[in-house]
file work_34.cif (mmCIF, C-alpha atoms and all ligand atoms)
data_target
#
loop_
_atom_site.label_atom_id
_atom_site.label_comp_id
_atom_site.auth_asym_id
_atom_site.auth_seq_id
_atom_site.Cartn_x
_atom_site.Cartn_y
_atom_site.Cartn_z
CA MET A 1 19.37 -12.64 10.58
CA GLY A 2 21.54 -13.97 7.79
CA LYS A 3 25.30 -13.93 7.56
CA PHE A 4 25.41 -10.48 5.94
CA PRO A 5 23.48 -7.23 6.30
CA HIS A 6 20.79 -6.87 3.64
CA THR A 7 22.08 -5.33 0.41
CA VAL A 8 20.96 -1.72 -0.02
CA LEU A 9 18.91 -1.68 -3.25
CA HIS A 10 19.68 1.66 -4.87
CA TYR A 11 17.93 0.80 -8.14
CA LEU A 12 14.58 1.19 -6.32
CA SER A 13 15.05 4.95 -6.07
CA ASP A 14 18.07 5.77 -8.22
CA PRO A 15 18.31 4.95 -11.94
CA SER A 16 22.09 5.64 -11.99
CA LEU A 17 24.11 3.13 -13.97
CA GLU A 18 27.44 3.88 -12.29
CA GLY A 19 28.44 3.99 -8.64
CA SER A 20 30.58 2.21 -6.08
CA ALA A 21 30.22 -0.37 -3.32
CA GLU A 22 32.22 -2.40 -0.83
CA ILE A 23 32.74 -6.14 -1.23
CA PHE A 24 31.34 -7.95 1.82
CA ALA A 25 31.99 -11.48 0.58
CA ILE A 26 32.80 -13.69 -2.37
CA GLU A 27 30.72 -16.83 -1.84
CA GLU A 28 30.62 -20.24 -3.45
CA THR A 29 26.94 -20.96 -4.13
CA ASP A 30 25.00 -23.71 -5.91
CA PHE A 31 25.05 -21.47 -8.99
CA GLY A 32 28.74 -20.52 -8.92
CA LEU A 33 30.87 -17.87 -7.31
CA ALA A 34 28.91 -14.78 -6.26
CA VAL A 35 30.03 -11.33 -5.12
CA ILE A 36 28.06 -9.80 -2.23
CA LEU A 37 28.23 -6.03 -1.83
CA ASP A 38 27.01 -3.62 0.83
CA GLN A 39 24.86 -1.84 -1.79
CA THR A 40 24.05 -2.28 -5.44
CA LEU A 41 22.75 -0.62 -8.58
CA PHE A 42 22.24 -4.01 -10.29
CA TYR A 43 18.65 -5.21 -10.64
CA PRO A 44 18.38 -8.90 -9.64
CA GLN A 45 16.07 -11.10 -11.70
CA GLY A 46 12.57 -11.13 -10.24
CA GLY A 47 8.98 -10.06 -10.70
CA GLY A 48 9.12 -11.41 -14.24
CA GLN A 49 11.94 -9.00 -15.20
CA PRO A 50 15.42 -10.16 -16.30
CA CYS A 51 18.43 -9.05 -14.26
CA ASP A 52 20.89 -6.33 -15.18
CA HIS A 53 24.26 -7.14 -16.68
CA GLY A 54 27.43 -5.03 -16.53
CA PHE A 55 30.77 -5.16 -14.80
CA LEU A 56 32.61 -4.50 -11.54
CA GLN A 57 35.87 -2.58 -11.75
CA VAL A 58 38.85 -2.36 -9.39
CA ASN A 59 41.59 -0.05 -10.64
CA ASP A 60 41.71 -0.91 -14.36
CA GLN A 61 40.55 -4.52 -13.93
CA LYS A 62 37.01 -5.32 -15.06
CA VAL A 63 34.96 -8.36 -14.02
CA GLY A 64 31.80 -9.01 -16.00
CA VAL A 65 28.49 -9.42 -14.13
CA ILE A 66 26.47 -11.97 -16.09
CA SER A 67 23.68 -12.82 -13.64
CA VAL A 68 22.20 -11.18 -10.55
CA ARG A 69 19.89 -12.90 -8.06
CA PHE A 70 18.14 -11.89 -4.83
CA ASP A 71 17.61 -14.20 -1.87
CA ALA A 72 16.56 -13.33 1.68
CA GLY A 73 17.61 -9.70 1.45
CA ILE A 74 20.97 -10.35 -0.21
CA VAL A 75 21.87 -9.59 -3.84
CA TYR A 76 24.25 -12.13 -5.43
CA HIS A 77 26.35 -10.83 -8.36
CA PHE A 78 27.53 -13.75 -10.50
CA THR A 79 30.65 -12.95 -12.45
CA GLU A 80 32.22 -14.09 -15.66
CA GLY A 81 34.99 -16.52 -14.78
CA ASN A 82 36.86 -16.41 -11.50
CA PRO A 83 36.93 -12.88 -10.06
CA GLU A 84 40.46 -13.28 -8.61
CA VAL A 85 41.09 -9.53 -8.99
CA LEU A 86 38.36 -8.87 -6.37
CA SER A 87 39.01 -9.07 -2.63
CA ILE A 88 36.79 -8.75 0.42
CA GLY A 89 36.90 -5.17 1.68
CA ASP A 90 37.68 -3.72 -1.76
CA THR A 91 35.74 -0.75 -3.00
CA VAL A 92 34.54 -1.59 -6.51
CA ASN A 93 33.03 0.59 -9.19
CA LEU A 94 29.69 -0.65 -10.48
CA HIS A 95 28.81 -0.33 -14.17
CA VAL A 96 25.34 -1.39 -15.29
CA ASP A 97 24.74 -2.09 -18.99
CA GLY A 98 22.45 0.82 -19.86
CA GLU A 99 21.09 -0.61 -23.09
CA ARG A 100 19.92 -3.81 -21.41
CA ARG A 101 18.48 -1.87 -18.42
CA ALA A 102 16.59 0.48 -20.76
CA LEU A 103 15.10 -2.39 -22.75
CA ASN A 104 14.05 -4.33 -19.64
CA SER A 105 12.58 -1.18 -18.07
CA LYS A 106 10.54 -0.48 -21.21
CA ILE A 107 9.19 -4.02 -21.44
CA HIS A 108 8.40 -4.17 -17.71
CA THR A 109 6.62 -0.79 -17.79
CA GLY A 110 4.67 -2.03 -20.80
CA GLY A 111 3.33 -4.85 -18.61
CA HIS A 112 1.99 -2.29 -16.11
CA LEU A 113 0.43 -0.41 -19.00
CA ILE A 114 -1.47 -3.55 -20.05
CA ASP A 115 -2.92 -3.69 -16.51
CA THR A 116 -3.93 -0.03 -16.75
CA ALA A 117 -5.45 -0.49 -20.21
CA MET A 118 -7.43 -3.54 -19.02
CA ILE A 119 -8.93 -1.49 -16.15
CA ASN A 120 -9.60 1.57 -18.33
CA CYS A 121 -11.31 -0.60 -20.96
CA GLY A 122 -13.57 -2.12 -18.28
CA TYR A 123 -12.05 -5.61 -18.05
CA ASP A 124 -12.02 -6.41 -14.37
CA PHE A 125 -9.66 -9.38 -14.17
CA ASN A 126 -7.20 -10.12 -11.40
CA PRO A 127 -3.57 -10.01 -12.66
CA ILE A 128 -1.65 -13.04 -11.46
CA LYS A 129 1.61 -13.19 -13.41
CA GLY A 130 3.87 -11.09 -15.60
CA TYR A 131 6.63 -12.23 -17.93
CA HIS A 132 8.65 -9.22 -19.10
CA PHE A 133 11.49 -10.87 -21.04
CA PRO A 134 12.25 -9.59 -24.54
CA ASP A 135 11.37 -12.85 -26.35
CA SER A 136 7.59 -12.83 -25.81
CA PRO A 137 6.34 -10.72 -22.90
CA TYR A 138 2.84 -11.19 -21.50
CA VAL A 139 0.59 -10.58 -18.50
CA GLU A 140 -1.76 -13.27 -17.21
CA TYR A 141 -5.12 -12.72 -15.54
CA GLU A 142 -7.61 -14.95 -13.75
CA GLY A 143 -10.68 -15.57 -15.85
CA MET A 144 -11.81 -16.23 -19.39
CA ILE A 145 -12.36 -14.19 -22.55
CA GLU A 146 -14.42 -15.82 -25.30
CA LEU A 147 -12.54 -16.67 -28.48
CA GLU A 148 -14.67 -14.38 -30.65
CA ASP A 149 -13.99 -11.37 -28.39
CA ARG A 150 -10.21 -11.65 -28.20
CA GLU A 151 -9.20 -9.86 -31.42
CA ARG A 152 -11.49 -6.92 -30.65
CA ILE A 153 -10.13 -6.64 -27.10
CA CYS A 154 -6.52 -6.73 -28.39
CA ARG A 155 -7.31 -3.66 -30.52
CA GLU A 156 -9.10 -1.90 -27.62
CA LEU A 157 -6.11 -2.45 -25.32
CA GLU A 158 -3.69 -1.19 -27.99
CA VAL A 159 -5.71 1.97 -28.57
CA GLU A 160 -5.94 2.72 -24.84
CA ALA A 161 -2.25 1.92 -24.15
CA ASN A 162 -1.06 4.06 -27.07
CA HIS A 163 -3.36 6.87 -25.96
CA LEU A 164 -1.66 6.80 -22.53
CA ILE A 165 1.81 6.67 -24.14
CA ALA A 166 0.96 9.63 -26.36
CA SER A 167 -0.24 11.58 -23.31
CA GLY A 168 3.31 11.33 -21.91
CA GLN A 169 2.65 10.73 -18.22
CA PRO A 170 5.50 10.31 -15.72
CA VAL A 171 5.79 6.94 -13.96
CA GLU A 172 5.50 7.74 -10.24
CA SER A 173 6.78 5.70 -7.32
CA PHE A 174 6.55 6.09 -3.56
CA ILE A 175 6.91 4.00 -0.42
CA VAL A 176 3.90 2.84 1.57
CA ASP A 177 4.80 1.97 5.18
CA GLU A 178 1.67 0.09 6.20
CA TYR A 179 0.45 -2.98 4.33
CA ASP A 180 -3.17 -2.04 4.96
CA GLN A 181 -2.66 1.26 3.07
CA LEU A 182 -1.67 -0.53 -0.15
CA LYS A 183 -5.29 -1.08 -1.14
CA ASP A 184 -5.79 2.72 -1.13
CA TYR A 185 -3.37 2.96 -4.08
CA CYS A 186 -3.48 -0.45 -5.79
CA PRO A 187 -6.56 -2.17 -7.24
CA THR A 188 -4.81 -5.52 -6.67
CA VAL A 189 -2.39 -6.50 -3.91
CA PRO A 190 -0.81 -9.88 -4.72
CA GLU A 191 -0.59 -12.51 -1.99
CA PHE A 192 3.21 -12.60 -2.08
CA VAL A 193 3.61 -8.95 -1.04
CA PRO A 194 5.28 -8.99 2.41
CA LYS A 195 3.09 -7.63 5.21
CA ASP A 196 5.88 -6.62 7.58
CA LYS A 197 7.97 -4.10 5.66
CA PRO A 198 7.57 -0.90 3.61
CA ILE A 199 6.58 -1.54 0.00
CA ARG A 200 7.19 0.60 -3.06
CA VAL A 201 4.11 1.46 -5.10
CA VAL A 202 4.54 2.31 -8.79
CA LYS A 203 1.80 4.22 -10.63
CA VAL A 204 1.57 3.77 -14.38
CA GLY A 205 -1.18 5.69 -16.15
CA GLY A 206 -2.73 6.46 -12.74
CA VAL A 207 -2.99 2.81 -11.61
CA GLY A 208 -0.86 1.71 -8.64
CA CYS A 209 0.90 -1.63 -8.19
CA PRO A 210 3.31 -2.88 -5.51
CA CYS A 211 6.51 -3.37 -7.53
CA GLY A 212 10.27 -3.73 -7.11
CA GLY A 213 11.20 -3.57 -10.80
CA THR A 214 12.77 -0.84 -12.92
CA HIS A 215 10.68 1.47 -15.11
CA VAL A 216 10.95 4.21 -17.68
CA ALA A 217 10.65 7.73 -16.26
CA ASP A 218 7.81 8.68 -18.61
CA LEU A 219 5.33 6.66 -20.66
CA SER A 220 6.31 8.60 -23.79
CA GLN A 221 9.57 6.58 -23.77
CA LEU A 222 7.73 3.35 -24.59
CA GLY A 223 7.13 4.02 -28.28
CA GLN A 224 4.22 2.11 -29.81
CA LEU A 225 2.66 -0.77 -27.86
CA ARG A 226 1.12 -3.74 -29.64
CA VAL A 227 -1.11 -6.53 -28.33
CA PRO A 228 -0.57 -9.32 -30.86
CA LYS A 229 -2.76 -11.92 -29.15
CA ILE A 230 -4.88 -12.97 -26.22
CA LYS A 231 -5.09 -16.65 -25.49
CA SER A 232 -6.33 -19.01 -22.83
CA LYS A 233 -3.52 -20.60 -20.86
CA GLY A 234 -4.13 -23.10 -18.06
CA GLY A 235 -7.56 -21.63 -17.36
CA ASN A 236 -6.20 -18.07 -17.33
CA ILE A 237 -6.08 -15.23 -19.86
CA ARG A 238 -2.65 -14.50 -21.34
CA VAL A 239 -2.32 -11.06 -22.94
CA SER A 240 0.85 -10.84 -25.06
CA TYR A 241 2.35 -7.43 -25.79
CA ARG A 242 5.29 -5.73 -27.48
CA VAL A 243 6.75 -2.30 -26.81
CA GLY A 244 8.88 -0.01 -28.92
CA VAL A 245 7.59 -1.42 -32.18
CA SER A 246 7.15 0.87 -35.16
CA SER A 247 3.62 1.31 -36.43
ZN ZN B 1 6.96 -2.44 -12.02
#
call {"tool": "encode", "arguments": {"input": "work_34.cif", "output": "C-alpha cells"}}
result
Amino acid sequence: MGKFPHTVLHYLSDPSLEGSAEIFAIEETDFGLAVILDQTLFYPQGGGQPCDHGFLQVNDQKVGVISVRFDAGIVYHFTEGNPEVLSIGDTVNLHVDGERRALNSKIHTGGHLIDTAMINCGYDFNPIKGYHFPDSPYVEYEGMIELEDRERICRELEVEANHLIASGQPVESFIVDEYDQLKDYCPTVPEFVPKDKPIRVVKVGGVGCPCGGTHVADLSQLGQLRVPKIKSKGGNIRVSYRVGVSS
C-alpha cells in the first residue's frame, strides 16, 4: 500500500470534461509540486498518449494543470506555478481542455485503427509500441516488410482504415475481470498488461485491445486517415499515420 488510496480514474468510463474532486495531498516530487486528488477526469500520460491539460478551480481561483502523470495507482497533477490557493481537504472543480482531449483521443484511436487495418489486410505482425503524439504518430510491429512492398501496403491500409471510418462504427469498451479471458477478445495481449486486476478492453473496428487511453465515441469522428510511410526501425516495422487530414 502506498501513502494514499489509488486515484479513481473516471476518464476510463466517463468522457466528461468537468467535475469535482477532493485534494488528498500537495506533494513535492522530483518533477515539481503535484496535486493528488481522490478521483480525476485528467488523463495521465501513458500508453503512447499525451496527458490532458486544463485547470483546477477553487471559488474563482484557477490553477493550470500542465502535466499529469500516473505512478503506482496515483495520478499526479502538476500545476502551473505554486498552487498556494489550493489546500488539502479542499473540494476543487476539474476542467479538462476539451480541444486537446479530442485531438489526443482521435490520434490514439487512429493507432488502434492501424492495428485493425493490418489484421483485415492480412498482415499478421505483433504490435509492440504506439506513439500517439500529434507531431508524428506511428505504430510499431515486430517483423519486416520488404522495401518494394511498403508503398502498396500504405495504400491498402489507408483504404481499409477509411472504409472502417466511413462505416461509422462505435468504439466499444468493457472490463474483463480475468487475465486469461483477454485472449478471447484481443488478438495480442502485451507482456506489460497486469495479471492481477481487471483490465479494460477497447474494440475498434471489431478488434479488441487492452487499453487505458481515451478514444472517440465513433470511428466516423476520425475524418480521413493517411498512412504516409512504412519504414524499418531497429529491426521493426514502423507504420506512420495521420488522422483528421483532408483528402
Ligand atoms: Zn486505446
call {"tool": "atom_distance", "arguments": {"input": "work_34.cif", "atom1": "atom CA of Gly234 of chain A", "atom2": "atom CA of Lys195 of chain A"}}
result
28.9 Å
call {"tool": "residues_near_ligand", "arguments": {"input": "work_34.cif", "ligand": "ligand ZN 1 (chain B)", "cutoff": "9 Å", "atoms": "only C-alpha atoms and all ligand atoms", "output": "ChimeraX atom specification"}}
result
/A:47,49,105,108-109,111-112,201-204,209-215
call {"tool": "closest_residue", "arguments": {"input": "work_34.cif", "among": "A:Asp124, A:Asp30, A:Asp60, A:Asp14", "to": "Thr188 of chain A", "atoms": "all atoms listed in the file"}}
result
A:Asp124
call {"tool": "closest_atom_pairs", "arguments": {"input": "work_34.cif", "of": "segment 93-134 of chain A", "to": "segment 143-161 of chain A", "cutoff": "9 Å", "atoms": "only C-alpha atoms", "output": "tab-separated table"}}
result
residue	atom	partner	partner_atom	distance
A:Gly110	CA	A:Ala161	CA	8.6
A:Leu113	CA	A:Ala161	CA	6.3
A:Ile114	CA	A:Ala161	CA	6.9
A:Thr116	CA	A:Ala161	CA	7.8
A:Ala117	CA	A:Leu157	CA	5.5
A:Met118	CA	A:Leu157	CA	6.5
A:Asn120	CA	A:Glu160	CA	7.6
A:Cys121	CA	A:Leu157	CA	7.0
A:Phe125	CA	A:Gly143	CA	6.5
A:Asn126	CA	A:Gly143	CA	7.8
call {"tool": "atom_distance", "arguments": {"input": "work_34.cif", "atom1": "atom CA of Pro137 of chain A", "atom2": "atom CA of Arg238 of chain A"}}
result
9.9 Å
call {"tool": "residues_around", "arguments": {"input": "work_34.cif", "residues": "Leu219 of chain A", "least_positions_apart": "5", "cutoff": "9 Å", "atoms": "all atoms listed in the file", "output": "PyMOL selection string"}}
result
chain A and resi 106+109-110+113+164-171+204-205
call {"tool": "decode", "arguments": {"input": "work_34.cif", "residues": "segment 74-98 of chain A", "atoms": "N, CA, C and O atoms", "output": "mmCIF file, in the first residue's frame"}}
result
data_model
loop_
_atom_site.group_PDB
_atom_site.id
_atom_site.type_symbol
_atom_site.label_atom_id
_atom_site.label_comp_id
_atom_site.auth_asym_id
_atom_site.auth_seq_id
_atom_site.Cartn_x
_atom_site.Cartn_y
_atom_site.Cartn_z
ATOM 1 N N ILE A 74 -1.459 6.156 -8.390
ATOM 2 C CA ILE A 74 -1.740 7.539 -8.029
ATOM 3 C C ILE A 74 -1.552 8.448 -9.249
ATOM 4 O O ILE A 74 -0.556 8.327 -9.968
ATOM 5 N N VAL A 75 -2.503 9.363 -9.445
ATOM 6 C CA VAL A 75 -2.361 10.362 -10.512
ATOM 7 C C VAL A 75 -1.810 11.652 -9.897
ATOM 8 O O VAL A 75 -2.334 12.149 -8.902
ATOM 9 N N TYR A 76 -0.732 12.157 -10.501
ATOM 10 C CA TYR A 76 -0.075 13.385 -10.050
ATOM 11 C C TYR A 76 -0.415 14.508 -11.025
ATOM 12 O O TYR A 76 -0.099 14.413 -12.223
ATOM 13 N N HIS A 77 -1.074 15.566 -10.525
ATOM 14 C CA HIS A 77 -1.442 16.719 -11.356
ATOM 15 C C HIS A 77 -0.420 17.821 -11.111
ATOM 16 O O HIS A 77 -0.376 18.380 -10.007
ATOM 17 N N PHE A 78 0.404 18.110 -12.112
ATOM 18 C CA PHE A 78 1.426 19.146 -11.978
ATOM 19 C C PHE A 78 0.840 20.475 -12.436
ATOM 20 O O PHE A 78 0.241 20.552 -13.515
ATOM 21 N N THR A 79 1.029 21.481 -11.592
ATOM 22 C CA THR A 79 0.335 22.747 -11.834
ATOM 23 C C THR A 79 1.297 23.825 -12.287
ATOM 24 O O THR A 79 2.511 23.725 -12.095
ATOM 25 N N GLU A 80 0.711 24.841 -12.837
ATOM 26 C CA GLU A 80 1.470 25.992 -13.328
ATOM 27 C C GLU A 80 1.788 26.875 -12.119
ATOM 28 O O GLU A 80 0.859 27.362 -11.464
ATOM 29 N N GLY A 81 3.058 27.037 -11.823
ATOM 30 C CA GLY A 81 3.424 27.862 -10.675
ATOM 31 C C GLY A 81 3.075 27.179 -9.369
ATOM 32 O O GLY A 81 2.789 25.980 -9.316
ATOM 33 N N ASN A 82 3.097 27.946 -8.296
ATOM 34 C CA ASN A 82 2.827 27.398 -6.975
ATOM 35 C C ASN A 82 1.325 27.472 -6.680
ATOM 36 O O ASN A 82 0.759 28.558 -6.649
ATOM 37 N N PRO A 83 0.698 26.336 -6.442
ATOM 38 C CA PRO A 83 -0.765 26.351 -6.263
ATOM 39 C C PRO A 83 -1.156 26.766 -4.840
ATOM 40 O O PRO A 83 -1.848 26.031 -4.146
ATOM 41 N N GLU A 84 -0.715 27.971 -4.401
ATOM 42 C CA GLU A 84 -0.965 28.345 -2.996
ATOM 43 C C GLU A 84 -2.450 28.526 -2.682
ATOM 44 O O GLU A 84 -2.842 28.535 -1.518
ATOM 45 N N VAL A 85 -3.285 28.658 -3.722
ATOM 46 C CA VAL A 85 -4.728 28.806 -3.446
ATOM 47 C C VAL A 85 -5.390 27.464 -3.124
ATOM 48 O O VAL A 85 -6.541 27.414 -2.715
ATOM 49 N N LEU A 86 -4.622 26.347 -3.300
ATOM 50 C CA LEU A 86 -5.186 25.021 -3.035
ATOM 51 C C LEU A 86 -4.753 24.536 -1.653
ATOM 52 O O LEU A 86 -3.615 24.760 -1.237
ATOM 53 N N SER A 87 -5.651 23.867 -0.955
ATOM 54 C CA SER A 87 -5.330 23.329 0.373
ATOM 55 C C SER A 87 -5.838 21.895 0.467
ATOM 56 O O SER A 87 -6.867 21.546 -0.129
ATOM 57 N N ILE A 88 -5.135 21.101 1.251
ATOM 58 C CA ILE A 88 -5.556 19.710 1.477
ATOM 59 C C ILE A 88 -6.963 19.713 2.086
ATOM 60 O O ILE A 88 -7.254 20.518 2.980
ATOM 61 N N GLY A 89 -7.817 18.869 1.569
ATOM 62 C CA GLY A 89 -9.193 18.803 2.053
ATOM 63 C C GLY A 89 -10.158 19.634 1.232
ATOM 64 O O GLY A 89 -11.376 19.449 1.331
ATOM 65 N N ASP A 90 -9.628 20.565 0.427
ATOM 66 C CA ASP A 90 -10.493 21.369 -0.453
ATOM 67 C C ASP A 90 -11.225 20.484 -1.455
ATOM 68 O O ASP A 90 -10.667 19.490 -1.937
ATOM 69 N N THR A 91 -12.429 20.899 -1.795
ATOM 70 C CA THR A 91 -13.072 20.346 -2.981
ATOM 71 C C THR A 91 -12.744 21.280 -4.136
ATOM 72 O O THR A 91 -12.930 22.500 -4.028
ATOM 73 N N VAL A 92 -12.193 20.711 -5.214
ATOM 74 C CA VAL A 92 -11.836 21.528 -6.380
ATOM 75 C C VAL A 92 -12.684 21.114 -7.568
ATOM 76 O O VAL A 92 -13.058 19.943 -7.701
ATOM 77 N N ASN A 93 -12.959 22.082 -8.429
ATOM 78 C CA ASN A 93 -13.591 21.759 -9.699
ATOM 79 C C ASN A 93 -12.501 21.416 -10.709
ATOM 80 O O ASN A 93 -11.458 22.074 -10.743
ATOM 81 N N LEU A 94 -12.769 20.388 -11.504
ATOM 82 C CA LEU A 94 -11.812 19.937 -12.511
ATOM 83 C C LEU A 94 -12.299 20.393 -13.886
ATOM 84 O O LEU A 94 -13.468 20.193 -14.214
ATOM 85 N N HIS A 95 -11.412 20.970 -14.656
ATOM 86 C CA HIS A 95 -11.759 21.406 -16.019
ATOM 87 C C HIS A 95 -10.686 20.870 -16.970
ATOM 88 O O HIS A 95 -9.538 21.313 -16.904
ATOM 89 N N VAL A 96 -11.082 19.941 -17.815
ATOM 90 C CA VAL A 96 -10.145 19.364 -18.792
ATOM 91 C C VAL A 96 -10.274 20.127 -20.104
ATOM 92 O O VAL A 96 -11.398 20.426 -20.549
ATOM 93 N N ASP A 97 -9.133 20.452 -20.708
ATOM 94 C CA ASP A 97 -9.113 21.136 -22.012
ATOM 95 C C ASP A 97 -9.692 20.183 -23.071
ATOM 96 O O ASP A 97 -9.054 19.194 -23.442
ATOM 97 N N GLY A 98 -10.900 20.509 -23.545
ATOM 98 C CA GLY A 98 -11.616 19.616 -24.444
ATOM 99 C C GLY A 98 -10.999 19.495 -25.819
ATOM 100 O O GLY A 98 -11.053 18.437 -26.443
#
